[in-house]
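Worksheet: the structure to be examined is printed underneath.
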There are 2 protein chains.
Amino acid sequence: MKIHVLTLFPEMFPGVFGSSILKKAQEKGLVEIEVSNIRDFSDNKHKQVDDYPYGGGAGMVLKPEPVFRAVETITEGRKPRVILMCPQGERFTQKKAEELANEEELVFICGHYEGYDERIREHLVTDEISIGDFVLTGGEIPAMAVIDAVVRLIPGVLGQEASHIHDSFSTGLLEHPHYTRPQDFRGMKVPDVLLSGNHQKIEEWRMEQSLKRTFERRPDLLEQMELTPKQKEFIEMLKRNSAKT
Amino acid sequence: MKIHVLTLFPEMFPGVFGSSILKKAQEKGLVEIEVSNIRDFSDNKHKQVDDYPYGGGAGMVLKPEPVFRAVETITEGRKPRVILMCPQGERFTQKKAEELANEEELVFICGHYEGYDERIREHLVTDEISIGDFVLTGGEIPAMAVIDAVVRLIPGVLGQEASHIHDSFSTGLLEHPHYTRPQDFRGMKVPDVLLSGNHQKIEEWRMEQSLKRTFERRPDLLEQMELTPKQKEFIEMLKRNSAKT
């Protein structure tokens, strides 16, 4: 996969793209990430990329020309999806990450949230993505989040193919608790079942903990899932218990 | 405000914390951000911070000792809020950002999503925060998002005190479209009203565009708002129009 990032702050990216899974994915040749400065595509002699808003108001607006020119230059006539990171966009989910992971090329536009010229949104962009209902300085951190989520899903990126299957949201449930050594840390102990060596019991405990945590924290996720009869029974028991208290 | 970040990948942060608003906020002395490597707090001679999960399974689990020691060392007996970035956490919103912006000190723990030892969650952490329903490699990018959102709200950080008031989510509505020069870009034109010089009309247009965009993309936000009678009337008109088509 080829990923292009267009930003006014290219210096934000090397630390993130040069660490952990994103670094390894590039070293393995599974993804190529290129960060470009929108300013380099300005045809203005002062390299100006923003200007005052028509109609007045605070804040500057990202001009259309440098962004159109940047996308046209880096895509060289290809028509990849062009993603605008913006708070008005579609909420990013694991499902969207899976969809984007199938693409061969992606362009991310990170602007400043004061505003983009609307013509960028209307005529250049194919997807508008938001990572949540909060205000950030720019689209850079959200683009990092989306790129990390997408690259992890490219086959071969994660060492063990199986290792993302049990992550939260991949199964539809929140993850069960994890414990590692020491068995007793300052009097806080690991649950006995995990030390029992009985794998069937351990699996049951983990599924119940996953269901319990999802029931308590994210009941909306349960509604979207197809539960087995045994899982349904457990949820009914949790409901009865919570009604009592 | 003092912000501590605990991570296994400290090299991810300087680019982000050294740019734009976060850089300026630190230069103005309004926030101090310190990134520490959890590995430096391991009492193990190999600086080991993770270990196999009790009960078996793929992936390594972040051990309790180095994380407890790190938090205890950097907070020196103070009891600030300790925030764990994790997908099972409370969904981050602008309201949560406003709440955290009132604190004097915050600690962020970024681990790897394979798993934290549950005792960290139960006995050390005061807040668990998720930025959304997607799987990331670690808590680092989410912590950057939360820190950016929070620091922007510290009085004095944004140049014009007013400049975040019109951002999406601060008003409860999505932002209206923005336009800047040129007036005609490749045949794509700026709406006439914005060139009219009639400020009342411009304000009306912007409010209507904000309502329209929110109605089309995020009707859930409208349900949470108290609308003026004029706004209600406009929404009713939008509903009638969308019913027709």
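By convention here, the chains of the structure tokens are called A, B, ... in the order presented, each chain's residues are numbered starting at 1, and ligands are numbered starting at 1 in the order presented.
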Run DSSP on the backbone and give me the residues of chain A it puts in strand (DSSP E or B), as a ChimeraX atom specification. /A:2-7,32-37,50-51,61-62,81-91,105-109,112,116-117,127-130,138,178,184-185,188-189
Exercise: Cys86 of chain B partners within 8 Å, only C-alpha atoms, chain neighbours under 2 positions left out, as a list in words: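 The filter keeps Leu84, Gln88, Gly89, Tyr113, Glu128, Ile129, Ser130 and Gly139 of chain B.
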Preceding selection exported with N, CA, C and O atoms as a PDB file, in the first residue's frame:
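Okay, this is what ended up in out-v4.pdb:
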```
ATOM      1  N   LEU B  84      -5.606   6.045  31.854  1.00  0.00           N
ATOM      2  CA  LEU B  84      -5.166   4.922  31.035  1.00  0.00           C
ATOM      3  C   LEU B  84      -5.850   5.026  29.681  1.00  0.00           C
ATOM      4  O   LEU B  84      -7.076   5.103  29.609  1.00  0.00           O
ATOM      5  N   GLN B  88     -11.314  -0.062  26.098  1.00  0.00           N
ATOM      6  CA  GLN B  88     -12.483  -0.355  26.949  1.00  0.00           C
ATOM      7  C   GLN B  88     -12.923   0.875  27.726  1.00  0.00           C
ATOM      8  O   GLN B  88     -13.884   0.826  28.480  1.00  0.00           O
ATOM      9  N   GLY B  89     -12.223   1.984  27.570  1.00  0.00           N
ATOM     10  CA  GLY B  89     -12.486   3.160  28.382  1.00  0.00           C
ATOM     11  C   GLY B  89     -13.701   3.956  27.944  1.00  0.00           C
ATOM     12  O   GLY B  89     -14.328   3.669  26.928  1.00  0.00           O
ATOM     13  N   TYR B 113      -1.842  -2.405  23.329  1.00  0.00           N
ATOM     14  CA  TYR B 113      -3.197  -2.891  23.464  1.00  0.00           C
ATOM     15  C   TYR B 113      -3.297  -4.406  23.614  1.00  0.00           C
ATOM     16  O   TYR B 113      -4.364  -4.920  23.851  1.00  0.00           O
ATOM     17  N   GLU B 128     -10.280   5.789  32.589  1.00  0.00           N
ATOM     18  CA  GLU B 128      -9.919   5.033  31.395  1.00  0.00           C
ATOM     19  C   GLU B 128     -10.579   5.717  30.219  1.00  0.00           C
ATOM     20  O   GLU B 128     -11.785   5.959  30.237  1.00  0.00           O
ATOM     21  N   ILE B 129      -9.784   6.057  29.233  1.00  0.00           N
ATOM     22  CA  ILE B 129     -10.310   6.809  28.092  1.00  0.00           C
ATOM     23  C   ILE B 129     -10.007   6.083  26.790  1.00  0.00           C
ATOM     24  O   ILE B 129      -8.908   5.609  26.565  1.00  0.00           O
ATOM     25  N   SER B 130     -11.017   6.049  25.931  1.00  0.00           N
ATOM     26  CA  SER B 130     -10.879   5.519  24.576  1.00  0.00           C
ATOM     27  C   SER B 130     -11.204   6.643  23.608  1.00  0.00           C
ATOM     28  O   SER B 130     -12.086   7.468  23.873  1.00  0.00           O
ATOM     29  N   GLY B 139      -1.341   3.173  23.101  1.00  0.00           N
ATOM     30  CA  GLY B 139      -2.077   4.324  23.599  1.00  0.00           C
ATOM     31  C   GLY B 139      -1.428   5.656  23.256  1.00  0.00           C
ATOM     32  O   GLY B 139      -1.946   6.700  23.655  1.00  0.00           O
TER      33      GLY B 139
END
```
Need to verify the contact set: Lys47 of chain B, 10 Å, only C-alpha atoms, exclusion of same-chain residues closer than 5 positions in sequence. Can you return it as a PyMOL selection string? chain B and resi 38-42+66
Can you tell me which residues surround segment 71-80 of chain A at a distance of at most 10 Å, considering only C-alpha atoms, apart from same-chain residues fewer than 3 positions away, and format the answer as number ranges by chain? A: 2-6, 34, 36, 38, 41, 66-68, 83, 103-109, 124-126
For those residues, write C-alpha atoms to a file as a PDB file, in the first residue's frame.
```pdb
ATOM      1  CA  LYS A   2       1.090   3.542  -0.706  1.00  0.00           C
ATOM      2  CA  ILE A   3       0.014   6.245   1.747  1.00  0.00           C
ATOM      3  CA  HIS A   4       0.433   9.968   1.146  1.00  0.00           C
ATOM      4  CA  VAL A   5       0.001  12.499   3.917  1.00  0.00           C
ATOM      5  CA  LEU A   6      -0.515  16.174   3.091  1.00  0.00           C
ATOM      6  CA  GLU A  34       5.218   9.706   2.104  1.00  0.00           C
ATOM      7  CA  SER A  36       4.421  16.117   1.909  1.00  0.00           C
ATOM      8  CA  ILE A  38       1.123  21.444   1.358  1.00  0.00           C
ATOM      9  CA  PHE A  41       2.551  23.143  -3.705  1.00  0.00           C
ATOM     10  CA  PRO A  66      -2.262  24.279  -3.099  1.00  0.00           C
ATOM     11  CA  VAL A  67      -4.353  21.324  -1.921  1.00  0.00           C
ATOM     12  CA  PHE A  68      -5.706  20.517  -5.398  1.00  0.00           C
ATOM     13  CA  ILE A  83      -9.471  11.338   2.826  1.00  0.00           C
ATOM     14  CA  GLU A 103      -7.039  -0.048  -0.994  1.00  0.00           C
ATOM     15  CA  GLU A 104      -3.721   0.144  -2.845  1.00  0.00           C
ATOM     16  CA  GLU A 105      -3.240   3.871  -2.355  1.00  0.00           C
ATOM     17  CA  LEU A 106      -4.642   6.421   0.082  1.00  0.00           C
ATOM     18  CA  VAL A 107      -4.206  10.189   0.368  1.00  0.00           C
ATOM     19  CA  PHE A 108      -4.763  11.905   3.722  1.00  0.00           C
ATOM     20  CA  ILE A 109      -5.300  15.663   3.901  1.00  0.00           C
ATOM     21  CA  LEU A 124     -11.451  16.725  -4.337  1.00  0.00           C
ATOM     22  CA  VAL A 125     -12.227  14.558  -1.351  1.00  0.00           C
ATOM     23  CA  THR A 126     -13.813  11.092  -1.473  1.00  0.00           C
TER      24      THR A 126
END
```
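Residues with any atom within 9 Å of segment 229-236 of chain A, counting only C-alpha atoms and excluding same-chain neighbours fewer than 5 positions away, are A:Met207, A:Glu208, A:Leu211, A:Lys212, A:Phe215, A:Asn241.
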Please produce an output containing all heavy atoms for each residue in the selection, written as a PDB file, in the first residue's frame.
```pdb
ATOM      1  N   MET A 207     -14.478 -15.494  28.422  1.00  0.00           N
ATOM      2  CA  MET A 207     -15.672 -15.096  27.668  1.00  0.00           C
ATOM      3  C   MET A 207     -16.662 -14.380  28.592  1.00  0.00           C
ATOM      4  O   MET A 207     -17.235 -13.348  28.238  1.00  0.00           O
ATOM      5  CB  MET A 207     -16.310 -16.335  27.016  1.00  0.00           C
ATOM      6  CG  MET A 207     -17.620 -16.067  26.282  1.00  0.00           C
ATOM      7  SD  MET A 207     -17.551 -14.631  25.144  1.00  0.00           S
ATOM      8  CE  MET A 207     -16.546 -15.293  23.818  1.00  0.00           C
ATOM      9  N   GLU A 208     -16.832 -14.914  29.813  1.00  0.00           N
ATOM     10  CA  GLU A 208     -17.765 -14.277  30.752  1.00  0.00           C
ATOM     11  C   GLU A 208     -17.284 -12.874  31.154  1.00  0.00           C
ATOM     12  O   GLU A 208     -18.079 -11.947  31.254  1.00  0.00           O
ATOM     13  CB  GLU A 208     -17.935 -15.152  31.997  1.00  0.00           C
ATOM     14  CG  GLU A 208     -18.731 -16.425  31.704  1.00  0.00           C
ATOM     15  CD  GLU A 208     -18.954 -17.282  32.951  1.00  0.00           C
ATOM     16  OE1 GLU A 208     -18.504 -16.876  34.051  1.00  0.00           O
ATOM     17  OE2 GLU A 208     -19.581 -18.333  32.815  1.00  0.00           O
ATOM     18  N   LEU A 211     -17.941 -10.565  28.268  1.00  0.00           N
ATOM     19  CA  LEU A 211     -19.371 -10.236  28.209  1.00  0.00           C
ATOM     20  C   LEU A 211     -19.739  -9.272  29.331  1.00  0.00           C
ATOM     21  O   LEU A 211     -20.476  -8.299  29.122  1.00  0.00           O
ATOM     22  CB  LEU A 211     -20.215 -11.508  28.325  1.00  0.00           C
ATOM     23  CG  LEU A 211     -20.242 -12.420  27.095  1.00  0.00           C
ATOM     24  CD1 LEU A 211     -20.805 -13.792  27.469  1.00  0.00           C
ATOM     25  CD2 LEU A 211     -21.071 -11.806  25.962  1.00  0.00           C
ATOM     26  N   LYS A 212     -19.212  -9.524  30.529  1.00  0.00           N
ATOM     27  CA  LYS A 212     -19.539  -8.704  31.692  1.00  0.00           C
ATOM     28  C   LYS A 212     -19.045  -7.272  31.468  1.00  0.00           C
ATOM     29  O   LYS A 212     -19.766  -6.301  31.695  1.00  0.00           O
ATOM     30  CB  LYS A 212     -18.872  -9.314  32.934  1.00  0.00           C
ATOM     31  CG  LYS A 212     -19.182  -8.631  34.231  1.00  0.00           C
ATOM     32  CD  LYS A 212     -18.801  -9.548  35.407  1.00  0.00           C
ATOM     33  CE  LYS A 212     -19.017  -8.872  36.750  1.00  0.00           C
ATOM     34  NZ  LYS A 212     -17.947  -7.932  37.097  1.00  0.00           N
ATOM     35  N   PHE A 215     -21.150  -5.622  28.842  1.00  0.00           N
ATOM     36  CA  PHE A 215     -22.478  -5.335  29.410  1.00  0.00           C
ATOM     37  C   PHE A 215     -22.426  -4.086  30.287  1.00  0.00           C
ATOM     38  O   PHE A 215     -23.297  -3.218  30.220  1.00  0.00           O
ATOM     39  CB  PHE A 215     -22.947  -6.545  30.227  1.00  0.00           C
ATOM     40  CG  PHE A 215     -24.223  -6.309  30.985  1.00  0.00           C
ATOM     41  CD1 PHE A 215     -25.446  -6.291  30.328  1.00  0.00           C
ATOM     42  CD2 PHE A 215     -24.198  -6.106  32.369  1.00  0.00           C
ATOM     43  CE1 PHE A 215     -26.630  -6.069  31.036  1.00  0.00           C
ATOM     44  CE2 PHE A 215     -25.373  -5.890  33.073  1.00  0.00           C
ATOM     45  CZ  PHE A 215     -26.594  -5.867  32.409  1.00  0.00           C
ATOM     46  N   ASN A 241     -29.027  -9.707  37.936  1.00  0.00           N
ATOM     47  CA  ASN A 241     -28.193  -9.261  39.063  1.00  0.00           C
ATOM     48  C   ASN A 241     -28.154  -7.739  39.154  1.00  0.00           C
ATOM     49  O   ASN A 241     -28.192  -7.169  40.237  1.00  0.00           O
ATOM     50  CB  ASN A 241     -26.765  -9.770  38.903  1.00  0.00           C
ATOM     51  CG  ASN A 241     -26.672 -11.242  39.269  1.00  0.00           C
ATOM     52  OD1 ASN A 241     -27.649 -11.813  39.757  1.00  0.00           O
ATOM     53  ND2 ASN A 241     -25.535 -11.842  39.020  1.00  0.00           N
TER      54      ASN A 241
END
```
Taking the backbone alone, and naming residues the way the document does, which bits of segment 3-189 of chain A are helix (DSSP H, G or I) by DSSP, as a PyMOL selection string? chain A and resi 10-12+14-17+20-27+38-41+64-75+94-100+118-123+140-151+161-164
Next, the residues of the selection above should be written as a compact mmCIF listing (two decimals), in the first residue's frame with C-alpha atoms.
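Writing done, so here's selection_0.txt:
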```txt
# COMPACT_ATOMS: atom_id res chain seq x y z
CA PRO A 10 5.43 17.35 8.33
CA GLU A 11 7.75 17.41 11.35
CA MET A 12 4.96 15.87 13.45
CA PRO A 14 8.62 10.89 11.69
CA GLY A 15 8.49 9.93 15.39
CA VAL A 16 5.18 8.13 14.95
CA PHE A 17 5.83 6.57 11.54
CA SER A 20 6.70 0.10 16.48
CA ILE A 21 4.36 -1.58 13.98
CA LEU A 22 4.35 1.31 11.48
CA LYS A 23 8.13 1.20 11.32
CA LYS A 24 8.20 -2.57 10.86
CA ALA A 25 5.50 -2.47 8.17
CA GLN A 26 7.61 -0.04 6.15
CA GLU A 27 10.79 -2.05 6.69
CA ILE A 38 1.12 21.44 1.36
CA ARG A 39 3.17 24.64 1.35
CA ASP A 40 5.48 23.16 -1.30
CA PHE A 41 2.55 23.14 -3.70
CA PRO A 64 -8.07 25.41 -2.58
CA GLU A 65 -5.16 25.72 -5.09
CA PRO A 66 -2.26 24.28 -3.10
CA VAL A 67 -4.35 21.32 -1.92
CA PHE A 68 -5.71 20.52 -5.40
CA ARG A 69 -2.19 20.87 -6.84
CA ALA A 70 -0.68 18.69 -4.13
CA VAL A 71 -3.16 15.85 -4.67
CA GLU A 72 -2.87 16.08 -8.47
CA THR A 73 0.93 16.07 -8.34
CA ILE A 74 1.39 13.14 -6.00
CA THR A 75 -1.28 10.93 -7.56
CA GLN A 94 -12.82 -0.67 12.85
CA LYS A 95 -15.13 -1.46 9.93
CA LYS A 96 -13.90 1.62 8.08
CA ALA A 97 -10.30 0.61 8.84
CA GLU A 98 -10.97 -2.80 7.28
CA GLU A 99 -12.47 -1.14 4.22
CA LEU A 100 -9.49 1.20 3.76
CA GLU A 118 -15.43 24.13 0.95
CA ARG A 119 -14.41 23.38 -2.65
CA ILE A 120 -11.75 20.96 -1.35
CA ARG A 121 -14.47 19.03 0.43
CA GLU A 122 -16.89 19.11 -2.49
CA HIS A 123 -14.65 18.43 -5.47
CA GLU A 140 -2.42 15.27 11.88
CA ILE A 141 -3.08 13.23 15.04
CA PRO A 142 -6.36 11.82 13.64
CA ALA A 143 -4.53 10.84 10.42
CA MET A 144 -1.90 9.02 12.51
CA ALA A 145 -4.70 7.11 14.26
CA VAL A 146 -6.38 6.09 11.02
CA ILE A 147 -3.08 5.11 9.37
CA ASP A 148 -2.05 3.01 12.36
CA ALA A 149 -5.42 1.22 12.44
CA VAL A 150 -5.32 0.57 8.68
CA VAL A 151 -1.69 -0.55 8.37
CA GLU A 161 -1.69 -13.37 11.80
CA ALA A 162 -3.97 -14.27 14.67
CA SER A 163 -2.86 -11.61 17.06
CA HIS A 164 -5.46 -9.02 16.23
```
Residue nearest chain A - candidates B:Thr180, B:Thr228, B:Gln48, B:Thr7, atoms counted: only C-alpha atoms: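 Answer, going by the shortest atom-to-atom distance: B:Thr180.
Put simply, atom CA of Glu226 of chain A is 24.9 Å away from atom CA of Ala101 of chain A.
Distance check against His178 of chain A using only C-alpha atoms: of B:Pro53, B:Gly197, B:Pro219, B:Gly18, the minimum falls on B:Pro53.
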Find the spatial neighbours of Asp51 of chain A, counting only C-alpha atoms, within a cut-off of 10 Å - ignore same-chain residues fewer than 2 positions away - and output them as a ChimeraX atom specification. /A:48-49,53-54,59-63,117 /B:179-182
For chain B, which of A:Met225, A:Ala58, A:Leu173, A:Val35 is the closest residue, counting only C-alpha atoms?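 So, comparing all the options, the nearest one is A:Ala58.
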Looking at only C-alpha atoms, which of B:Thr137, B:Asn102, B:Asn44, B:Gln209 is the one that sits closest to chain A?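 With only C-alpha atoms as the atom set, the closest residue is B:Thr137.
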